[in-house]
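> Dropping the structure in here first, questions after.
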Amino acid sequence: MKEIKAFLKPGRAKLVVDALKEGGFDCITLSKAEGTGSFKSPDAFPSLDFKITDSPIVKLELVCNDDNVNQIIDIISSNGRTTERGDGLIYVSKVETAYRIKSGEQISSFY
């Protein structure tokens, strides 16, 4: 299993989520976040929540089977990109084990 984390521009999050759901990947977690990446918008301003950042982002997370990784990356990339710099990043990490909280049952497969 793999965990995919993508950091997206807020305006692209709905497009990405809709495309993932259409592709059959609907167990997605979204978080409001802020970044300190190298992209600096000309109209950027200091955050009111975090005093050191100026770049609001959406963190998207999901876990999938290894054979779904490329499809998910393609969906995120094609729906998350814009014509501007700073569209974000995608990270893929190995998930060793997952468990259901309710039952303690080990999860062996997603999707």
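Identifiers for the structure tokens are assigned positionally: chains receive A, B, ... in sequence, residues are indexed from 1 per chain, and ligands are indexed from 1 in the order shown.
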Near Val16 (chain A), within 12 Å and counting only C-alpha atoms, which residues show up once chain neighbours fewer than 6 positions away are dropped, as a PDB file with N, CA and C atoms, in the first residue's frame?

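Final output, selection-v5.pdb:
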ATOM      1  N   ALA A   6      -0.629  15.208  -1.537  1.00  0.00           N
ATOM      2  CA  ALA A   6      -0.477  16.233  -2.571  1.00  0.00           C
ATOM      3  C   ALA A   6      -0.771  17.584  -1.941  1.00  0.00           C
ATOM      4  N   PHE A   7       0.026  18.565  -2.290  1.00  0.00           N
ATOM      5  CA  PHE A   7      -0.151  19.930  -1.812  1.00  0.00           C
ATOM      6  C   PHE A   7      -0.581  20.763  -3.009  1.00  0.00           C
ATOM      7  N   LEU A   8      -1.828  21.253  -2.958  1.00  0.00           N
ATOM      8  CA  LEU A   8      -2.476  21.876  -4.107  1.00  0.00           C
ATOM      9  C   LEU A   8      -2.834  23.333  -3.846  1.00  0.00           C
ATOM     10  N   LYS A   9      -2.993  24.076  -4.922  1.00  0.00           N
ATOM     11  CA  LYS A   9      -3.584  25.406  -4.811  1.00  0.00           C
ATOM     12  C   LYS A   9      -5.058  25.227  -4.436  1.00  0.00           C
ATOM     13  N   PRO A  10      -5.576  26.048  -3.532  1.00  0.00           N
ATOM     14  CA  PRO A  10      -6.964  25.885  -3.088  1.00  0.00           C
ATOM     15  C   PRO A  10      -7.983  25.893  -4.228  1.00  0.00           C
ATOM     16  N   GLU A  22     -14.412  10.398  -9.522  1.00  0.00           N
ATOM     17  CA  GLU A  22     -14.848   9.842 -10.804  1.00  0.00           C
ATOM     18  C   GLU A  22     -14.004   8.623 -11.186  1.00  0.00           C
ATOM     19  N   GLY A  23     -12.729   8.650 -10.788  1.00  0.00           N
ATOM     20  CA  GLY A  23     -11.840   7.525 -11.059  1.00  0.00           C
ATOM     21  C   GLY A  23     -11.995   6.375 -10.071  1.00  0.00           C
ATOM     22  N   PHE A  25     -11.711   6.708  -6.645  1.00  0.00           N
ATOM     23  CA  PHE A  25     -10.922   6.923  -5.432  1.00  0.00           C
ATOM     24  C   PHE A  25     -11.625   7.973  -4.580  1.00  0.00           C
ATOM     25  N   ASP A  26     -12.419   7.499  -3.621  1.00  0.00           N
ATOM     26  CA  ASP A  26     -13.249   8.455  -2.891  1.00  0.00           C
ATOM     27  C   ASP A  26     -12.934   8.575  -1.410  1.00  0.00           C
ATOM     28  N   ILE A  28     -10.714  10.221   0.664  1.00  0.00           N
ATOM     29  CA  ILE A  28      -9.735  11.303   0.564  1.00  0.00           C
ATOM     30  C   ILE A  28      -9.847  12.175   1.805  1.00  0.00           C
ATOM     31  N   LEU A  30      -8.797  15.991   3.204  1.00  0.00           N
ATOM     32  CA  LEU A  30      -8.317  17.327   2.836  1.00  0.00           C
ATOM     33  C   LEU A  30      -8.064  18.122   4.102  1.00  0.00           C
ATOM     34  N   VAL A  58      -3.900  23.400   0.034  1.00  0.00           N
ATOM     35  CA  VAL A  58      -4.737  22.300   0.495  1.00  0.00           C
ATOM     36  C   VAL A  58      -3.866  21.052   0.479  1.00  0.00           C
ATOM     37  N   LYS A  59      -3.855  20.338   1.600  1.00  0.00           N
ATOM     38  CA  LYS A  59      -3.143  19.057   1.651  1.00  0.00           C
ATOM     39  C   LYS A  59      -4.170  17.955   1.435  1.00  0.00           C
ATOM     40  N   LEU A  60      -3.956  17.165   0.399  1.00  0.00           N
ATOM     41  CA  LEU A  60      -4.815  16.037   0.063  1.00  0.00           C
ATOM     42  C   LEU A  60      -4.061  14.767   0.418  1.00  0.00           C
ATOM     43  N   GLU A  61      -4.732  13.844   1.102  1.00  0.00           N
ATOM     44  CA  GLU A  61      -4.100  12.583   1.487  1.00  0.00           C
ATOM     45  C   GLU A  61      -5.020  11.420   1.150  1.00  0.00           C
ATOM     46  N   ILE A  72      -3.446   7.632  -9.931  1.00  0.00           N
ATOM     47  CA  ILE A  72      -3.794   8.721  -9.017  1.00  0.00           C
ATOM     48  C   ILE A  72      -2.897   9.930  -9.245  1.00  0.00           C
ATOM     49  N   ILE A  73      -1.612   9.708  -9.442  1.00  0.00           N
ATOM     50  CA  ILE A  73      -0.695  10.822  -9.719  1.00  0.00           C
ATOM     51  C   ILE A  73      -1.096  11.528 -11.002  1.00  0.00           C
ATOM     52  N   ASP A  74      -1.468  10.770 -12.028  1.00  0.00           N
ATOM     53  CA  ASP A  74      -1.916  11.378 -13.292  1.00  0.00           C
ATOM     54  C   ASP A  74      -3.166  12.227 -13.076  1.00  0.00           C
ATOM     55  N   ILE A  75      -4.113  11.722 -12.290  1.00  0.00           N
ATOM     56  CA  ILE A  75      -5.350  12.472 -12.028  1.00  0.00           C
ATOM     57  C   ILE A  75      -5.041  13.765 -11.279  1.00  0.00           C
ATOM     58  N   ILE A  76      -4.225  13.672 -10.241  1.00  0.00           N
ATOM     59  CA  ILE A  76      -3.885  14.865  -9.456  1.00  0.00           C
ATOM     60  C   ILE A  76      -3.125  15.875 -10.308  1.00  0.00           C
ATOM     61  N   SER A  77      -2.145  15.411 -11.053  1.00  0.00           N
ATOM     62  CA  SER A  77      -1.324  16.311 -11.877  1.00  0.00           C
ATOM     63  C   SER A  77      -2.143  17.006 -12.954  1.00  0.00           C
ATOM     64  N   SER A  78      -2.946  16.247 -13.676  1.00  0.00           N
ATOM     65  CA  SER A  78      -3.677  16.842 -14.792  1.00  0.00           C
ATOM     66  C   SER A  78      -4.770  17.803 -14.321  1.00  0.00           C
ATOM     67  N   ASN A  79      -5.327  17.573 -13.150  1.00  0.00           N
ATOM     68  CA  ASN A  79      -6.385  18.456 -12.646  1.00  0.00           C
ATOM     69  C   ASN A  79      -5.870  19.518 -11.682  1.00  0.00           C
ATOM     70  N   GLY A  80      -4.667  19.365 -11.178  1.00  0.00           N
ATOM     71  CA  GLY A  80      -4.118  20.316 -10.226  1.00  0.00           C
ATOM     72  C   GLY A  80      -3.242  21.388 -10.829  1.00  0.00           C
ATOM     73  N   ARG A  81      -2.810  21.195 -12.075  1.00  0.00           N
ATOM     74  CA  ARG A  81      -1.877  22.171 -12.655  1.00  0.00           C
ATOM     75  C   ARG A  81      -2.598  23.405 -13.178  1.00  0.00           C
TER      76      ARG A  81
END
> Using only C-alpha atoms for the distances, tell me which of A:Glu34, A:Ser108, A:Gln71, A:Asp66 is nearest to Lys94 (chain A).
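Among the listed residues, the smallest separation from Lys94 (chain A) belongs to A:Asp66.
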> Would you kindly return, as a PDB file with C-alpha atoms, in the first residue's frame, each protein, DNA or RNA residue with an atom no farther than 9 Å from any atom of Thr82 (chain A), considering only C-alpha atoms and excluding same-chain residues fewer than 4 positions away?

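This went into part33.pdb:
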ATOM      1  CA  LYS A   9      -3.584  25.406  -4.811  1.00  0.00           C
ATOM      2  CA  ARG A  12      -7.769  23.388  -7.852  1.00  0.00           C
ATOM      3  CA  GLY A  86       3.912  26.939  -7.622  1.00  0.00           C
ATOM      4  CA  ASP A  87       1.233  24.353  -8.405  1.00  0.00           C
TER       5      ASP A  87
END
> Assign secondary structure with DSSP using the backbone only, and return the residues of chain A in strand (DSSP E or B) as number ranges by chain.
A: 2-8, 29-35, 55-64, 88-94, 98-99, 106-107
